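Reproduced below: model_26.pdb, with PDB, C-alpha atoms.
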```pdb
ATOM      1  CA  MET P 270      22.889  17.662 -12.905
ATOM      2  CA  ARG P 271      24.195  15.628 -15.805
ATOM      3  CA  ASP P 272      21.921  13.038 -17.390
ATOM      4  CA  SER P 273      24.175  10.187 -16.258
ATOM      5  CA  THR P 274      24.081  11.466 -12.671
ATOM      6  CA  LEU P 275      20.294  11.784 -12.864
ATOM      7  CA  THR P 276      20.024   8.231 -14.171
ATOM      8  CA  GLU P 277      22.132   6.991 -11.239
ATOM      9  CA  LEU P 278      19.932   8.948  -8.818
ATOM     10  CA  VAL P 279      16.777   7.379 -10.251
ATOM     11  CA  ASP P 280      18.359   3.895 -10.176
ATOM     12  CA  LYS P 281      19.355   4.319  -6.506
ATOM     13  CA  ALA P 282      15.928   5.663  -5.555
ATOM     14  CA  ILE P 283      14.172   2.750  -7.264
ATOM     15  CA  ALA P 284      16.485   0.210  -5.599
ATOM     16  CA  VAL P 285      15.725   1.721  -2.185
ATOM     17  CA  ASP P 286      11.987   1.843  -2.994
ATOM     18  CA  ARG P 287      12.024  -1.852  -3.918
ATOM     19  CA  ALA P 288      13.930  -2.760  -0.740
ATOM     20  CA  ILE P 289      11.494  -0.752   1.386
ATOM     21  CA  LYS P 290       8.496  -2.472  -0.218
ATOM     22  CA  LEU P 291       9.993  -5.885   0.535
ATOM     23  CA  LYS P 292      10.785  -4.894   4.114
ATOM     24  CA  GLN P 293       7.318  -3.338   4.495
ATOM     25  CA  LYS P 294       5.729  -6.629   3.438
ATOM     26  CA  ASP P 295       7.901  -8.475   5.969
ATOM     27  CA  LEU P 296       6.972  -5.955   8.669
ATOM     28  CA  ASN P 297       3.255  -6.235   7.879
ATOM     29  CA  ASP P 298       3.492 -10.032   8.138
ATOM     30  CA  LEU P 299       5.242  -9.754  11.515
ATOM     31  CA  LYS P 300       2.664  -7.243  12.763
ATOM     32  CA  GLY P 301      -0.085  -9.658  11.728
ATOM     33  CA  GLN P 302       1.557 -12.416  13.758
ATOM     34  CA  LEU P 303       1.806 -10.106  16.779
ATOM     35  CA  ILE P 304      -1.863  -9.152  16.442
ATOM     36  CA  ASN P 305      -2.814 -12.830  16.295
ATOM     37  CA  GLU P 306      -0.750 -13.597  19.394
ATOM     38  CA  ALA P 307      -2.191 -10.603  21.254
ATOM     39  CA  SER P 308      -5.701 -11.737  20.328
ATOM     40  CA  GLU P 309      -4.994 -15.097  21.971
ATOM     41  CA  ARG P 310      -3.749 -13.506  25.212
ATOM     42  CA  LYS P 311      -6.808 -11.535  26.325
ATOM     43  CA  ALA P 312      -5.952 -12.037  30.016
ATOM     44  CA  GLU P 313      -2.820  -9.916  29.461
ATOM     45  CA  HIS P 314      -4.685  -6.982  27.881
ATOM     46  CA  GLN P 315      -4.548  -3.644  29.685
ATOM     47  CA  PRO P 316      -7.212  -0.924  29.288
ATOM     48  CA  THR P 317      -6.233   2.227  27.402
ATOM     49  CA  ASP P 318      -7.421   5.767  28.107
ATOM     50  CA  ASN P 319      -9.695   5.805  25.053
ATOM     51  CA  GLY P 320     -11.690   2.701  25.974
ATOM     52  CA  GLY P 321      -9.651   0.150  24.069
ATOM     53  CA  VAL P 322      -7.039  -2.302  25.277
ATOM     54  CA  SER P 323      -3.373  -2.933  24.594
ATOM     55  CA  TRP P 324      -0.956  -5.834  24.942
ATOM     56  CA  VAL P 325       2.821  -5.595  25.264
ATOM     57  CA  ALA P 326       5.558  -8.097  24.409
ATOM     58  CA  THR P 327       9.238  -7.509  25.171
ATOM     59  CA  GLY P 328      12.157  -8.285  22.873
ATOM     60  CA  SER P 329      15.543  -9.621  23.982
ATOM     61  CA  ASP P 330      17.089  -6.135  24.254
ATOM     62  CA  GLY P 331      14.228  -4.624  26.265
ATOM     63  CA  CYS P 332      12.446  -3.051  23.304
ATOM     64  CA  ILE P 333       8.723  -3.655  23.227
ATOM     65  CA  ALA P 334       6.002  -4.318  20.697
ATOM     66  CA  ARG P 335       2.638  -2.889  21.741
ATOM     67  CA  VAL P 336      -0.527  -4.081  20.044
ATOM     68  CA  THR P 337      -3.426  -1.712  20.594
ATOM     69  CA  PHE P 338      -7.017  -2.687  20.035
ATOM     70  CA  PRO P 339      -8.855   0.649  19.931
ATOM     71  CA  CYS P 340     -12.484   0.885  20.931
ATOM     72  CA  ASP P 341     -14.963   1.120  18.090
ATOM     73  CA  LYS P 342     -15.176   4.553  16.481
ATOM     74  CA  LEU P 343     -18.265   6.669  16.824
ATOM     75  CA  VAL P 344     -19.949   7.662  13.596
ATOM     76  CA  SER P 345     -18.689  11.090  12.559
ATOM     77  CA  VAL P 346     -21.971  12.299  11.060
ATOM     78  CA  VAL P 347     -25.604  11.516  11.800
ATOM     79  CA  ASN P 348     -27.755  12.656   8.896
ATOM     80  CA  PRO P 349     -31.356  13.137  10.111
ATOM     81  CA  THR P 350     -32.691  12.902   6.549
ATOM     82  CA  THR P 351     -31.633   9.262   6.179
ATOM     83  CA  LYS P 352     -33.421   6.243   7.594
ATOM     84  CA  THR P 353     -30.373   5.233   9.645
ATOM     85  CA  GLY P 354     -29.832   8.775  10.934
ATOM     86  CA  LYS P 355     -33.465   9.089  12.002
ATOM     87  CA  LYS P 356     -33.235   5.774  13.894
ATOM     88  CA  LEU P 357     -30.055   6.844  15.691
ATOM     89  CA  ILE P 358     -31.616  10.141  16.755
ATOM     90  CA  GLU P 359     -34.810   8.407  17.891
ATOM     91  CA  ARG P 360     -32.732   5.938  19.919
ATOM     92  CA  LEU P 361     -31.382   8.825  22.023
ATOM     93  CA  GLY P 362     -34.900  10.138  22.610
ATOM     94  CA  LYS P 363     -35.145  13.274  24.747
ATOM     95  CA  PHE P 364     -31.334  13.361  25.137
ATOM     96  CA  ALA P 365     -30.626  13.642  21.382
ATOM     97  CA  LYS P 366     -30.148  17.439  21.432
ATOM     98  CA  GLU P 367     -27.871  17.145  24.464
ATOM     99  CA  LEU P 368     -25.725  14.362  22.993
ATOM    100  CA  LEU P 369     -25.595  15.446  19.343
ATOM    101  CA  GLU P 370     -24.657  18.826  17.959
ATOM    102  CA  PRO P 371     -25.851  20.147  14.605
ATOM    103  CA  VAL P 372     -22.999  21.197  12.331
ATOM    104  CA  GLU P 373     -23.179  23.146   9.098
ATOM    105  CA  PHE P 374     -20.180  23.189   6.813
ATOM    106  CA  PHE P 375     -19.275  24.209   3.289
ATOM    107  CA  ARG P 376     -16.850  22.729   0.791
ATOM    108  CA  PRO P 377     -15.691  24.080  -2.571
ATOM    109  CA  VAL P 378     -17.696  22.761  -5.510
ATOM    110  CA  LYS P 379     -16.153  20.745  -8.343
ATOM    111  CA  GLY P 380     -14.340  23.079 -10.703
ATOM    112  CA  PHE P 381     -14.101  25.764  -7.981
ATOM    113  CA  ARG P 382     -10.988  27.459  -9.412
ATOM    114  CA  ASP P 383     -12.391  27.785 -12.932
ATOM    115  CA  LEU P 384     -15.744  29.027 -11.635
ATOM    116  CA  VAL P 385     -14.038  31.684  -9.502
ATOM    117  CA  ARG P 386     -11.960  32.773 -12.504
ATOM    118  CA  ASP P 387     -15.187  33.168 -14.503
ATOM    119  CA  LYS P 388     -16.705  35.484 -11.880
ATOM    120  CA  TRP P 389     -13.857  37.880 -10.991
ATOM    121  CA  PRO P 390     -11.062  39.672 -12.800
ATOM    122  CA  SER P 391      -7.853  37.635 -12.866
ATOM    123  CA  ARG P 392      -6.068  39.369  -9.978
ATOM    124  CA  ASP P 393      -9.077  39.159  -7.641
ATOM    125  CA  ALA P 394      -9.874  35.593  -8.689
ATOM    126  CA  GLU P 395      -6.360  34.392  -7.882
ATOM    127  CA  ARG P 396      -6.542  36.048  -4.444
ATOM    128  CA  HIS P 397      -9.894  34.376  -3.735
ATOM    129  CA  ILE P 398      -8.571  31.005  -4.864
ATOM    130  CA  ALA P 399      -5.392  31.370  -2.794
ATOM    131  CA  ALA P 400      -7.483  32.022   0.317
ATOM    132  CA  PHE P 401      -9.087  28.584  -0.113
ATOM    133  CA  GLU P 402      -5.847  26.734  -0.758
ATOM    134  CA  GLY P 403      -3.588  24.963   1.695
ATOM    135  CA  ASP P 404      -0.057  23.722   1.306
ATOM    136  CA  SER P 405       0.459  20.540  -0.636
ATOM    137  CA  THR P 406       3.455  18.277  -0.451
ATOM    138  CA  PRO P 407       5.275  17.097  -3.562
ATOM    139  CA  THR P 408       5.257  13.355  -4.063
ATOM    140  CA  VAL P 409       7.564  11.020  -5.916
ATOM    141  CA  SER P 410       6.382   7.751  -7.379
ATOM    142  CA  PHE P 411       8.178   5.131  -9.386
ATOM    143  CA  ALA P 412       7.086   3.073 -12.340
ATOM    144  CA  THR P 413       9.466   0.171 -12.177
ATOM    145  CA  ALA P 414      10.167  -2.074 -15.093
ATOM    146  CA  GLU P 415      10.901  -5.751 -14.798
ATOM    147  CA  THR P 416      14.575  -6.138 -14.070
ATOM    148  CA  PRO P 417      16.198  -7.837 -17.015
ATOM    149  CA  LYS P 418      18.007 -11.061 -16.202
ATOM    150  CA  ARG P 419      21.748 -10.634 -16.217
ATOM    151  CA  GLU P 420      23.873 -13.214 -17.977
ATOM    152  CA  GLU P 421      25.679 -14.186 -14.748
ATOM    153  CA  ASP P 422      22.249 -14.987 -13.208
ATOM    154  CA  ASP P 423      21.705 -17.571 -15.942
ATOM    155  CA  ALA P 424      25.161 -19.094 -15.392
ATOM    156  CA  SER P 425      24.503 -19.935 -11.750
TER
END
```
If you took the structure in this file and wrote it as structure tokens, what would it be?
Amino acid sequence: MRDSTLTELVDKAIAVDRAIKLKQKDLNDLKGQLINEASERKAEHQPTDNGGVSWVATGSDGCIARVTFPCDKLVSVVNPTTKTGKKLIERLGKFAKELLEPVEFFRPVKGFRDLVRDKWPSRDAERHIAAFEGDSTPTVSFATAETPKREEDDAS
């Protein structure tokens, strides 16, 4: 790809990124308005399978906007060594072992790759590291500069 073509590609991508950000802000504002309206119409709420409720509004062409109010999330971890964790377990009393399951898990330590490379020959180390890796997705980000004012903008 020629440099001029690459420059055009970057310019187009940044223009689309800017347009999306503006539209995303507009969409977020509209979603906020729908949430506010749904909050005011509790009598129209319908229960959902997960314990929450939802509200539906219909557009002129039959499309709908559904606002879902999920039920509160359960805590994902109860640590029995903390004050809060102990209280939660005590609250369940004799049913704690029936309603909570102990889970042990491991996670790689900080600097895992370098530490593995220090402990095994290169070929083995890379195999060990690869076994602990998952796919990652490339990302693209933009650092946009202020758009300079064009002369025709000043003339209007």
Identify, on the basis of only C-alpha atoms, every residue whose closest approach to stretch 376-386 of chain P does not exceed 9 Å; exclude the query and any residue fewer than 6 positions from it along the same chain; express the result as a PDB file with C-alpha atoms, keeping the file's coordinate frame.
```pdb
ATOM      1  CA  ASP P 393      -9.077  39.159  -7.641  1.00  0.00           C
ATOM      2  CA  ALA P 394      -9.874  35.593  -8.689  1.00  0.00           C
ATOM      3  CA  GLU P 395      -6.360  34.392  -7.882  1.00  0.00           C
ATOM      4  CA  HIS P 397      -9.894  34.376  -3.735  1.00  0.00           C
ATOM      5  CA  ILE P 398      -8.571  31.005  -4.864  1.00  0.00           C
ATOM      6  CA  PHE P 401      -9.087  28.584  -0.113  1.00  0.00           C
TER       7      PHE P 401
END
```
What is the atom CA of P:Ser329-atom CA of P:Leu299 distance in Å, reported with one decimal? 16.2 Å
Running the PyMOL selection byres ((chain P and resi 337) around 6) on this model by hand, what would come out? Give it as a compact mmCIF listing (two decimals) with C-alpha atoms, in the frame of the given file.
```
# COMPACT_ATOMS: atom_id res chain seq x y z
CA VAL P 322 -7.04 -2.30 25.28
CA SER P 323 -3.37 -2.93 24.59
CA VAL P 336 -0.53 -4.08 20.04
CA PHE P 338 -7.02 -2.69 20.04
CA PRO P 339 -8.86 0.65 19.93
```
Could you list, as a PyMOL selection string, every residue matched by the PyMOL selection byres ((chain P and resi 413) around 10) in this structure? chain P and resi 280+283-284+286-287+410-412+414-416
Restricted to C-alpha atoms, what would the selected residues look like written as a PDB file, in the frame of the given file?
```pdb
ATOM      1  CA  ASP P 280      18.359   3.895 -10.176  1.00  0.00           C
ATOM      2  CA  ILE P 283      14.172   2.750  -7.264  1.00  0.00           C
ATOM      3  CA  ALA P 284      16.485   0.210  -5.599  1.00  0.00           C
ATOM      4  CA  ASP P 286      11.987   1.843  -2.994  1.00  0.00           C
ATOM      5  CA  ARG P 287      12.024  -1.852  -3.918  1.00  0.00           C
ATOM      6  CA  SER P 410       6.382   7.751  -7.379  1.00  0.00           C
ATOM      7  CA  PHE P 411       8.178   5.131  -9.386  1.00  0.00           C
ATOM      8  CA  ALA P 412       7.086   3.073 -12.340  1.00  0.00           C
ATOM      9  CA  ALA P 414      10.167  -2.074 -15.093  1.00  0.00           C
ATOM     10  CA  GLU P 415      10.901  -5.751 -14.798  1.00  0.00           C
ATOM     11  CA  THR P 416      14.575  -6.138 -14.070  1.00  0.00           C
TER      12      THR P 416
END
```
My list of candidates is P:Leu357, P:Ala400, P:Val409, P:Glu367. Which is closest to P:Ala282 when distances are computed with only C-alpha atoms?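 When distances to P:Ala282 are compared using only C-alpha atoms, the smallest one comes from P:Val409.
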Between atom CA of P:Arg335 and atom CA of P:Pro316 lies a distance of 12.6 Å
Residue members of the PyMOL selection byres ((chain P and resi 370) around 12) in the file shown, as a PyMOL selection string: chain P and resi 345-349+358+364-369+371-373
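The space between atom CA of P:Ser308 and atom CA of P:Ala334 spans 13.9 Å.
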What would stretch 344-365 of chain P look like with N, CA and C atoms restored, written as an mmCIF file, keeping the file's coordinate frame?
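This went into result_39.cif:
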```
data_model
loop_
_atom_site.group_PDB
_atom_site.id
_atom_site.type_symbol
_atom_site.label_atom_id
_atom_site.label_comp_id
_atom_site.auth_asym_id
_atom_site.auth_seq_id
_atom_site.Cartn_x
_atom_site.Cartn_y
_atom_site.Cartn_z
ATOM 1 N N VAL P 344 -19.686 7.115 14.918
ATOM 2 C CA VAL P 344 -19.949 7.662 13.596
ATOM 3 C C VAL P 344 -19.619 9.146 13.636
ATOM 4 N N SER P 345 -19.088 9.687 12.561
ATOM 5 C CA SER P 345 -18.689 11.090 12.559
ATOM 6 C C SER P 345 -19.844 12.016 12.197
ATOM 7 N N VAL P 346 -20.836 11.489 11.497
ATOM 8 C CA VAL P 346 -21.971 12.299 11.060
ATOM 9 C C VAL P 346 -23.250 11.489 11.205
ATOM 10 N N VAL P 347 -24.279 12.129 11.734
ATOM 11 C CA VAL P 347 -25.604 11.516 11.800
ATOM 12 C C VAL P 347 -26.516 12.396 10.953
ATOM 13 N N ASN P 348 -26.930 11.885 9.815
ATOM 14 C CA ASN P 348 -27.755 12.656 8.896
ATOM 15 C C ASN P 348 -29.230 12.375 9.200
ATOM 16 N N PRO P 349 -29.963 13.372 9.718
ATOM 17 C CA PRO P 349 -31.356 13.137 10.111
ATOM 18 C C PRO P 349 -32.305 12.904 8.933
ATOM 19 N N THR P 350 -31.822 13.120 7.706
ATOM 20 C CA THR P 350 -32.691 12.902 6.549
ATOM 21 C C THR P 350 -32.629 11.463 6.038
ATOM 22 N N THR P 351 -31.720 10.661 6.596
ATOM 23 C CA THR P 351 -31.633 9.262 6.179
ATOM 24 C C THR P 351 -32.363 8.370 7.189
ATOM 25 N N LYS P 352 -32.728 7.200 6.733
ATOM 26 C CA LYS P 352 -33.421 6.243 7.594
ATOM 27 C C LYS P 352 -32.553 5.880 8.814
ATOM 28 N N THR P 353 -31.288 5.593 8.564
ATOM 29 C CA THR P 353 -30.373 5.233 9.645
ATOM 30 C C THR P 353 -30.204 6.396 10.620
ATOM 31 N N GLY P 354 -30.000 7.600 10.091
ATOM 32 C CA GLY P 354 -29.832 8.775 10.934
ATOM 33 C C GLY P 354 -31.039 9.028 11.812
ATOM 34 N N LYS P 355 -32.229 8.896 11.225
ATOM 35 C CA LYS P 355 -33.465 9.089 12.002
ATOM 36 C C LYS P 355 -33.536 8.082 13.149
ATOM 37 N N LYS P 356 -33.189 6.818 12.859
ATOM 38 C CA LYS P 356 -33.235 5.774 13.894
ATOM 39 C C LYS P 356 -32.246 6.071 15.022
ATOM 40 N N LEU P 357 -31.048 6.532 14.668
ATOM 41 C CA LEU P 357 -30.055 6.844 15.691
ATOM 42 C C LEU P 357 -30.536 7.986 16.585
ATOM 43 N N ILE P 358 -31.119 9.002 15.982
ATOM 44 C CA ILE P 358 -31.616 10.141 16.755
ATOM 45 C C ILE P 358 -32.774 9.704 17.645
ATOM 46 N N GLU P 359 -33.682 8.910 17.100
ATOM 47 C CA GLU P 359 -34.810 8.407 17.891
ATOM 48 C C GLU P 359 -34.331 7.568 19.069
ATOM 49 N N ARG P 360 -33.274 6.798 18.868
ATOM 50 C CA ARG P 360 -32.732 5.938 19.919
ATOM 51 C C ARG P 360 -32.309 6.762 21.142
ATOM 52 N N LEU P 361 -31.822 7.979 20.912
ATOM 53 C CA LEU P 361 -31.382 8.825 22.023
ATOM 54 C C LEU P 361 -32.544 9.557 22.699
ATOM 55 N N GLY P 362 -33.699 9.551 22.025
ATOM 56 C CA GLY P 362 -34.900 10.138 22.610
ATOM 57 C C GLY P 362 -34.716 11.576 23.050
ATOM 58 N N LYS P 363 -35.165 11.900 24.267
ATOM 59 C CA LYS P 363 -35.145 13.274 24.747
ATOM 60 C C LYS P 363 -33.722 13.813 24.954
ATOM 61 N N PHE P 364 -32.717 12.929 24.938
ATOM 62 C CA PHE P 364 -31.334 13.361 25.137
ATOM 63 C C PHE P 364 -30.600 13.656 23.814
ATOM 64 N N ALA P 365 -31.276 13.475 22.683
ATOM 65 C CA ALA P 365 -30.626 13.642 21.382
ATOM 66 C C ALA P 365 -29.989 15.019 21.232
#
```
